[in-house]
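S.K.: Just so it is clear, I am handing over start.cif, which has mmCIF, C-alpha atoms and all ligand atoms.
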```cif
data_work
loop_
_atom_site.label_atom_id
_atom_site.label_comp_id
_atom_site.auth_asym_id
_atom_site.auth_seq_id
_atom_site.Cartn_x
_atom_site.Cartn_y
_atom_site.Cartn_z
CA MET A 580 30.39 137.47 166.84
CA ILE A 581 28.32 137.48 170.05
CA GLU A 582 25.44 139.10 168.15
CA PHE A 583 25.76 136.47 165.40
CA TYR A 584 25.28 133.56 167.82
CA ASP A 585 22.72 135.38 169.94
CA GLN A 586 20.62 135.80 166.79
CA LEU A 587 21.38 132.28 165.57
CA SER A 588 20.64 130.39 168.80
CA PRO A 589 16.83 129.97 168.31
CA PHE A 590 17.49 128.58 164.80
CA TYR A 591 20.71 126.65 165.47
CA HIS A 592 19.09 123.18 165.62
CA LEU A 593 17.79 123.74 162.07
CA LEU A 594 21.34 123.44 160.75
CA TYR A 595 20.84 119.71 161.39
CA LYS A 596 18.20 117.53 159.71
CA ASP A 597 17.65 116.03 163.17
CA TRP A 598 19.56 117.85 165.92
CA ASP A 599 18.92 115.19 168.60
CA ALA A 600 20.14 112.39 166.35
CA GLY A 601 23.20 114.52 165.45
CA MET A 602 23.89 115.06 169.12
CA VAL A 603 23.83 111.30 169.81
CA ARG A 604 26.02 110.52 166.78
CA GLN A 605 28.58 113.21 167.64
CA ALA A 606 28.76 112.20 171.31
CA GLU A 607 29.45 108.58 170.39
CA CYS A 608 32.24 109.64 168.01
CA LEU A 609 33.75 111.95 170.63
CA ARG A 610 33.50 109.29 173.36
CA ASP A 611 35.32 106.79 171.14
CA ALA A 612 38.03 109.35 170.32
CA ILE A 613 38.43 110.31 174.01
CA ARG A 614 38.64 106.64 175.08
CA ALA A 615 41.15 105.83 172.31
CA GLN A 616 43.40 108.80 173.16
CA TRP A 617 43.14 109.11 176.94
CA GLY A 618 41.53 105.90 178.24
CA ASP A 619 38.60 105.13 180.54
CA GLN A 620 39.79 107.45 183.33
CA ALA A 621 38.85 110.53 181.32
CA GLN A 622 35.55 111.53 182.92
CA SER A 623 35.48 115.30 183.36
CA VAL A 624 35.04 117.30 180.15
CA LEU A 625 35.24 121.08 179.79
CA ASP A 626 33.51 122.37 176.63
CA VAL A 627 34.76 125.94 176.06
CA SER A 628 32.46 126.68 173.09
CA CYS A 629 29.30 124.76 173.91
CA GLY A 630 26.86 126.88 171.88
CA ILE A 631 23.35 125.49 172.39
CA GLY A 632 24.94 122.30 173.74
CA THR A 633 25.30 119.88 170.81
CA GLN A 634 28.35 118.08 172.22
CA SER A 635 27.90 118.93 175.93
CA LEU A 636 24.40 117.44 176.12
CA GLY A 637 25.36 114.32 174.20
CA LEU A 638 28.48 113.66 176.29
CA ALA A 639 26.59 114.26 179.56
CA ARG A 640 23.97 111.74 178.42
CA LEU A 641 26.80 109.21 177.97
CA GLY A 642 27.88 109.74 181.59
CA PHE A 643 30.71 112.26 181.25
CA HIS A 644 30.88 115.03 183.90
CA VAL A 645 30.51 118.02 181.63
CA THR A 646 31.20 121.67 182.44
CA ALA A 647 30.34 124.04 179.62
CA SER A 648 30.68 127.67 178.59
CA ASP A 649 30.33 129.91 175.57
CA LEU A 650 30.67 133.59 174.71
CA SER A 651 27.06 133.94 173.52
CA PRO A 652 24.58 134.55 176.38
CA GLN A 653 21.61 133.46 174.23
CA ALA A 654 23.32 130.22 173.21
CA VAL A 655 24.15 129.48 176.87
CA ALA A 656 20.55 130.25 177.93
CA ARG A 657 19.24 127.85 175.31
CA ALA A 658 21.79 125.15 176.26
CA GLN A 659 20.63 125.45 179.87
CA LYS A 660 16.99 125.01 178.83
CA GLU A 661 17.84 122.03 176.60
CA ALA A 662 19.68 120.38 179.51
CA GLU A 663 16.71 120.89 181.85
CA THR A 664 14.33 119.37 179.26
CA ARG A 665 16.58 116.31 179.09
CA HIS A 666 17.09 116.12 182.89
CA LEU A 667 20.84 116.59 182.49
CA SER A 668 22.88 118.42 185.08
CA ILE A 669 25.56 120.58 183.43
CA PRO A 670 26.92 123.83 184.85
CA PHE A 671 26.69 126.30 181.95
CA THR A 672 28.30 129.75 182.16
CA ILE A 673 29.24 132.61 179.86
CA CYS A 674 32.98 132.75 179.24
CA ASP A 675 35.41 133.76 176.52
CA MET A 676 37.63 130.75 175.81
CA ARG A 677 40.61 133.12 175.91
CA GLU A 678 39.89 133.36 179.65
CA ALA A 679 38.96 129.71 180.21
CA TYR A 680 41.51 129.03 182.97
CA ARG A 681 40.77 132.25 184.84
CA HIS A 682 37.07 131.34 184.69
CA HIS A 683 37.03 127.54 185.18
CA GLY A 684 40.34 126.77 186.90
CA GLY A 685 42.28 123.54 186.31
CA GLY A 686 42.10 119.79 186.80
CA PHE A 687 39.87 118.73 183.90
CA ASP A 688 40.53 115.40 182.15
CA VAL A 689 39.59 116.69 178.70
CA VAL A 690 38.90 120.08 177.17
CA ILE A 691 36.96 120.32 173.91
CA SER A 692 36.02 122.99 171.37
CA CYS A 693 33.98 121.52 168.54
CA ASP A 694 32.34 122.39 165.24
CA ASN A 695 34.60 125.11 163.98
CA SER A 696 34.50 127.44 166.98
CA ILE A 697 38.26 128.14 167.09
CA PRO A 698 38.29 129.90 163.68
CA HIS A 699 36.14 132.68 165.18
CA LEU A 700 39.43 133.83 166.73
CA LEU A 701 40.87 135.86 163.88
CA SER A 702 44.65 135.54 164.33
CA ASP A 703 47.30 133.03 165.40
CA GLU A 704 47.90 135.14 168.54
CA GLU A 705 44.25 134.96 169.62
CA ILE A 706 44.13 131.21 168.96
CA LEU A 707 47.39 130.62 170.84
CA LEU A 708 45.99 132.50 173.82
CA ALA A 709 42.86 130.30 173.84
CA LEU A 710 44.98 127.12 173.52
CA GLN A 711 47.22 128.20 176.42
CA GLU A 712 44.14 128.73 178.58
CA MET A 713 42.78 125.30 177.59
CA HIS A 714 46.15 123.76 178.41
CA ALA A 715 46.05 125.35 181.88
CA CYS A 716 42.53 123.93 182.46
CA LEU A 717 43.83 120.34 182.15
CA ARG A 718 45.38 118.01 184.68
CA PRO A 719 48.77 116.53 183.64
CA THR A 720 48.18 113.90 180.88
CA GLY A 721 44.77 115.47 180.18
CA GLY A 722 43.65 115.87 176.57
CA CYS A 723 42.59 118.65 174.24
CA LEU A 724 40.22 117.84 171.38
CA LEU A 725 39.30 120.38 168.69
CA THR A 726 37.23 119.98 165.55
CA ILE A 727 37.39 122.44 162.65
CA ARG A 728 36.51 122.62 158.98
CA ALA A 729 39.15 121.20 156.64
CA TYR A 730 40.15 124.67 155.41
CA ASP A 731 43.13 123.20 153.56
CA THR A 732 40.67 121.79 151.01
CA GLU A 733 37.96 124.49 151.03
CA GLU A 734 37.46 126.57 147.87
CA ARG A 735 38.58 130.25 148.16
CA GLY A 736 36.88 133.19 146.47
CA ARG A 737 33.84 135.43 146.72
CA GLY A 738 30.15 134.58 146.66
CA ILE A 739 30.71 130.95 147.59
CA VAL A 740 27.34 129.38 148.48
CA LYS A 741 27.10 126.65 151.10
CA PRO A 742 23.59 125.16 151.05
CA TYR A 743 22.13 123.50 154.16
CA GLY A 744 18.79 122.60 152.55
CA ILE A 745 15.15 122.84 153.55
CA ARG A 746 13.83 122.26 157.07
CA GLU A 747 10.29 122.26 158.48
CA ASP A 748 9.75 123.32 162.07
CA GLY A 749 6.72 124.64 163.99
CA GLY A 750 4.54 125.08 160.90
CA LYS A 751 7.28 126.93 159.04
CA ARG A 752 9.60 125.96 156.23
CA TYR A 753 13.16 127.30 156.14
CA LEU A 754 15.59 127.51 153.23
CA ILE A 755 19.06 127.76 154.78
CA PHE A 756 22.37 128.66 153.17
CA GLN A 757 25.61 130.50 153.85
CA VAL A 758 27.53 132.86 151.56
CA TRP A 759 31.30 133.22 152.00
CA ASP A 760 33.50 136.11 150.79
CA PHE A 761 37.21 135.55 151.27
CA GLU A 762 39.62 138.41 152.01
CA GLY A 763 43.07 136.88 152.41
CA GLU A 764 42.99 134.16 155.05
CA GLN A 765 39.74 135.48 156.53
CA TYR A 766 36.23 135.37 155.13
CA ALA A 767 32.99 137.17 155.83
CA LEU A 768 30.09 134.79 156.31
CA SER A 769 26.39 135.59 155.86
CA MET A 770 23.95 132.98 157.13
CA TYR A 771 20.48 133.14 155.57
CA PHE A 772 17.26 131.62 156.87
CA ILE A 773 14.35 132.26 154.51
CA GLU A 774 11.30 131.52 156.62
CA ASP A 775 8.00 130.60 154.93
CA ASP A 776 4.95 130.43 157.22
CA LEU A 777 3.06 127.50 155.72
CA GLN A 778 -0.31 128.71 157.10
CA SER A 779 -0.24 132.41 156.32
CA GLY A 780 2.25 132.35 153.45
CA ALA A 781 4.20 135.18 155.13
CA ILE A 782 7.88 135.22 154.17
CA GLN A 783 10.68 136.56 156.36
CA THR A 784 14.43 136.50 155.75
CA HIS A 785 16.81 136.33 158.70
CA VAL A 786 20.43 137.19 157.88
CA MET A 787 23.29 136.92 160.36
CA ARG A 788 26.86 137.93 159.65
CA SER A 789 30.17 136.86 161.12
CA ARG A 790 33.84 136.49 160.25
CA TYR A 791 36.21 133.51 160.31
CA TYR A 792 39.94 132.87 160.03
CA ALA A 793 40.33 129.92 157.65
CA ILE A 794 43.21 128.40 159.61
CA SER A 795 44.52 125.13 158.21
CA PRO A 796 44.48 122.07 160.46
CA ASN A 797 48.29 121.87 160.12
CA ARG A 798 48.75 125.43 161.36
CA LEU A 799 46.41 124.75 164.26
CA LEU A 800 48.46 121.65 165.18
CA GLU A 801 51.58 123.86 165.25
CA LEU A 802 49.85 126.31 167.57
CA MET A 803 48.75 123.44 169.83
CA GLU A 804 52.40 122.40 170.14
CA GLN A 805 53.38 126.00 170.85
CA ALA A 806 50.76 126.11 173.62
CA GLY A 807 52.46 123.13 175.29
CA PHE A 808 50.55 120.11 173.95
CA ALA A 809 52.49 116.96 173.08
CA GLU A 810 51.62 114.14 170.65
CA VAL A 811 49.48 116.49 168.58
CA LYS A 812 47.81 114.88 165.60
CA ARG A 813 44.98 115.12 163.15
CA LEU A 814 42.41 112.33 163.11
CA ASP A 815 40.30 111.98 159.98
CA GLU A 816 37.20 109.83 159.64
CA VAL A 817 36.37 109.77 163.36
CA PHE A 818 34.01 112.78 163.13
CA TYR A 819 32.40 114.69 160.28
CA GLN A 820 35.24 117.25 160.52
CA PRO A 821 38.97 116.80 161.14
CA VAL A 822 39.64 116.18 164.83
CA LEU A 823 42.86 117.60 166.32
CA VAL A 824 44.13 116.18 169.57
CA GLY A 825 47.01 116.93 171.92
CA THR A 826 48.02 115.82 175.42
CA LYS A 827 49.29 117.88 178.34
CA LYS A 828 52.59 116.46 179.61
C1 LIG B 1 29.64 126.81 165.26
S1 LIG B 1 29.24 127.16 166.91
C2 LIG B 1 29.47 125.58 167.67
C3 LIG B 1 28.78 125.48 169.01
C4 LIG B 1 28.73 124.07 169.60
N1 LIG B 1 30.06 123.51 169.80
C5 LIG B 1 27.87 123.19 168.73
O1 LIG B 1 28.42 122.42 167.92
O2 LIG B 1 26.64 123.30 168.83
C6 LIG B 1 30.63 128.10 167.47
C7 LIG B 1 30.51 128.56 168.89
O3 LIG B 1 31.73 129.18 169.29
C8 LIG B 1 31.42 130.19 170.20
N2 LIG B 1 32.56 131.09 170.32
C9 LIG B 1 33.16 131.84 169.38
N3 LIG B 1 34.19 132.53 169.90
C10 LIG B 1 34.25 132.21 171.21
C11 LIG B 1 35.09 132.59 172.28
N4 LIG B 1 36.08 133.47 172.10
N5 LIG B 1 34.88 132.04 173.49
C12 LIG B 1 33.88 131.15 173.69
N6 LIG B 1 33.03 130.77 172.73
C13 LIG B 1 33.21 131.28 171.48
C14 LIG B 1 30.18 130.84 169.59
O4 LIG B 1 29.48 131.65 170.50
C15 LIG B 1 29.41 129.61 169.13
O5 LIG B 1 28.50 129.16 170.09
#
```
Could you write out this file's structure as structure tokens?
M.R.:
Amino acid sequence: MIEFYDQLSPFYHLLYKDWDAGMVRQAECLRDAIRAQWGDQAQSVLDVSCGIGTQSLGLARLGFHVTASDLSPQAVARAQKEAETRHLSIPFTICDMREAYRHHGGGFDVVISCDNSIPHLLSDEEILLALQEMHACLRPTGGCLLTIRAYDTEERGRGIVKPYGIREDGGKRYLIFQVWDFEGEQYALSMYFIEDDLQSGAIQTHVMRSRYYAISPNRLLELMEQAGFAEVKRLDEVFYQPVLVGTKK
């Protein structure tokens, strides 16, 4: 998994048609969800799977006090660089979310893990451990916000193709797609970037492989309750993925 995101981090922005615009859009959705659930006092946000910074950078730009970490050193290095370019001050560190409390300590208003990061943990036990650590990172009445794919409606099978489309970047054109192969509740994912140098015509294919646990949003809500969160619920239509929220009592 670390290797997957280390290899992916220089290309990650290409998953979006316009990464900066996506960052702004996502941050506004998350801000509205945070305000609606936990009010205006929620200021400090811990992002335990920041990747290259899509949500962390956007939320910091909106004035939240963001602390961010991720398991992938290359993703964290890129997030740091992206923050410097945008004159944003965010402490980024490398941390496994299953050790979030030991690493970050407590007292945060909100803890987030967005864009399908949780399903990299391949069992209920691993996910519960991460949720317990997130719970410990929060002050009483603090909130947890997760976003994952709607696996309850995703097709199952082998050789499922998920196209991302064509992107142009730095004189190169990329054809991007994923291929999924389900084995029970898990699936192997291959991410392909076919890179076409528009000047020289040289073609290169980058393939990265990882594994996911296709946990349903309902099961994840149950695990959030088990980890100690109250008022857990799924919010649809506030983000491009289901948003799951819970509050520490
Ligand atoms: C799909 S990316 C999303 C990253 C970021 N939230 C974004 O939207 O740009 C999933 C992220 O989860 C991170 N991740 C996976 N397992 C992790 C773990 N156990 N602890 C911390 N981060 C993890 C990966 O390194 C990767 O950066």
S.K.: When the cut-off is 6 Å and you count all atoms listed in the file, which residues lie near ligand LIG 1 (chain B), shown as an NGL selection string?
M.R.: :A and (581 or 584 or 627-633 or 649-651 or 674-677 or 693-696 or 699)
S.K.: Of the candidates A:Ile669, A:Ala639, A:Ala781, A:Ala806, which one gets nearest to Gln711 in chain A if we count all atoms listed in the file?
M.R.: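 Among A:Ile669, A:Ala639, A:Ala781, A:Ala806, it is A:Ala806 that comes nearest to Gln711 in chain A.
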S.K.: Would you please work out which residue, of A:Gln653, A:Ser779, A:Thr726, A:Gln805, is nearest to Ser588 in chain A when using all atoms listed in the file?
M.R.: A:Gln653
S.K.: For the point (6.1, 133.6, 153.6) in the file's frame, write as JSON, numbers by chain all residues with an atom no more than 12 Å away, counting all atoms listed in the file.
M.R.: {"A": [750, 751, 752, 753, 754, 772, 773, 774, 775, 776, 777, 778, 779, 780, 781, 782, 783, 784]}
S.K.: Which protein, DNA or RNA residues have an atom at most 9 Å from (29.8, 110.5, 172.4), counting all atoms listed in the file? List them as an MDAnalysis selection string.
M.R.: chainID A and resid 602:613 634 637:641
S.K.: Within 8 Å of Val740 in chain A, counting all atoms listed in the file, which residues qualify if same-chain residues fewer than 2 places away don't, as a list in words?
M.R.: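 Using all atoms listed in the file, the neighbours found are Gly738, Pro742, Phe756, Gln757, Val758 and Trp759 of chain A.
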S.K.: Choose the residue, out of A:Ile739, A:Ala767, A:Leu587, A:Leu625, that has the smallest atom-to-atom separation from Ser648 in chain A; count only C-alpha atoms.
M.R.: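 The answer is A:Leu625, which sits nearest to Ser648 in chain A.
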S.K.: Would you fill the gaps in range 603-616 of chain A so it has N, CA and C atoms, then print it as an mmCIF file, keeping the file's coordinate frame?
M.R.:
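Okay, part.cif is ready:
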```cif
data_model
loop_
_atom_site.group_PDB
_atom_site.id
_atom_site.type_symbol
_atom_site.label_atom_id
_atom_site.label_comp_id
_atom_site.auth_asym_id
_atom_site.auth_seq_id
_atom_site.Cartn_x
_atom_site.Cartn_y
_atom_site.Cartn_z
ATOM 1 N N VAL A 603 23.497 112.676 169.397
ATOM 2 C CA VAL A 603 23.830 111.300 169.810
ATOM 3 C C VAL A 603 25.021 110.793 168.994
ATOM 4 N N ARG A 604 24.954 111.006 167.682
ATOM 5 C CA ARG A 604 26.020 110.520 166.780
ATOM 6 C C ARG A 604 27.356 111.170 167.145
ATOM 7 N N GLN A 605 27.334 112.491 167.332
ATOM 8 C CA GLN A 605 28.580 113.210 167.640
ATOM 9 C C GLN A 605 29.154 112.762 168.976
ATOM 10 N N ALA A 606 28.274 112.589 169.979
ATOM 11 C CA ALA A 606 28.760 112.200 171.310
ATOM 12 C C ALA A 606 29.427 110.832 171.261
ATOM 13 N N GLU A 607 28.842 109.919 170.474
ATOM 14 C CA GLU A 607 29.450 108.580 170.390
ATOM 15 C C GLU A 607 30.827 108.646 169.725
ATOM 16 N N CYS A 608 30.933 109.474 168.676
ATOM 17 C CA CYS A 608 32.240 109.640 168.010
ATOM 18 C C CYS A 608 33.257 110.251 168.974
ATOM 19 N N LEU A 609 32.819 111.268 169.711
ATOM 20 C CA LEU A 609 33.750 111.950 170.630
ATOM 21 C C LEU A 609 34.149 111.010 171.769
ATOM 22 N N ARG A 610 33.172 110.266 172.293
ATOM 23 C CA ARG A 610 33.500 109.290 173.360
ATOM 24 C C ARG A 610 34.560 108.306 172.860
ATOM 25 N N ASP A 611 34.367 107.781 171.660
ATOM 26 C CA ASP A 611 35.320 106.790 171.140
ATOM 27 C C ASP A 611 36.706 107.429 170.975
ATOM 28 N N ALA A 612 36.726 108.672 170.495
ATOM 29 C CA ALA A 612 38.030 109.350 170.320
ATOM 30 C C ALA A 612 38.676 109.605 171.683
ATOM 31 N N ILE A 613 37.894 110.027 172.659
ATOM 32 C CA ILE A 613 38.430 110.310 174.010
ATOM 33 C C ILE A 613 38.976 109.006 174.622
ATOM 34 N N ARG A 614 38.193 107.930 174.519
ATOM 35 C CA ARG A 614 38.640 106.640 175.080
ATOM 36 C C ARG A 614 39.926 106.169 174.386
ATOM 37 N N ALA A 615 39.979 106.313 173.059
ATOM 38 C CA ALA A 615 41.150 105.830 172.310
ATOM 39 C C ALA A 615 42.396 106.643 172.667
ATOM 40 N N GLN A 616 42.233 107.945 172.905
ATOM 41 C CA GLN A 616 43.400 108.800 173.160
ATOM 42 C C GLN A 616 43.819 108.791 174.629
#
```
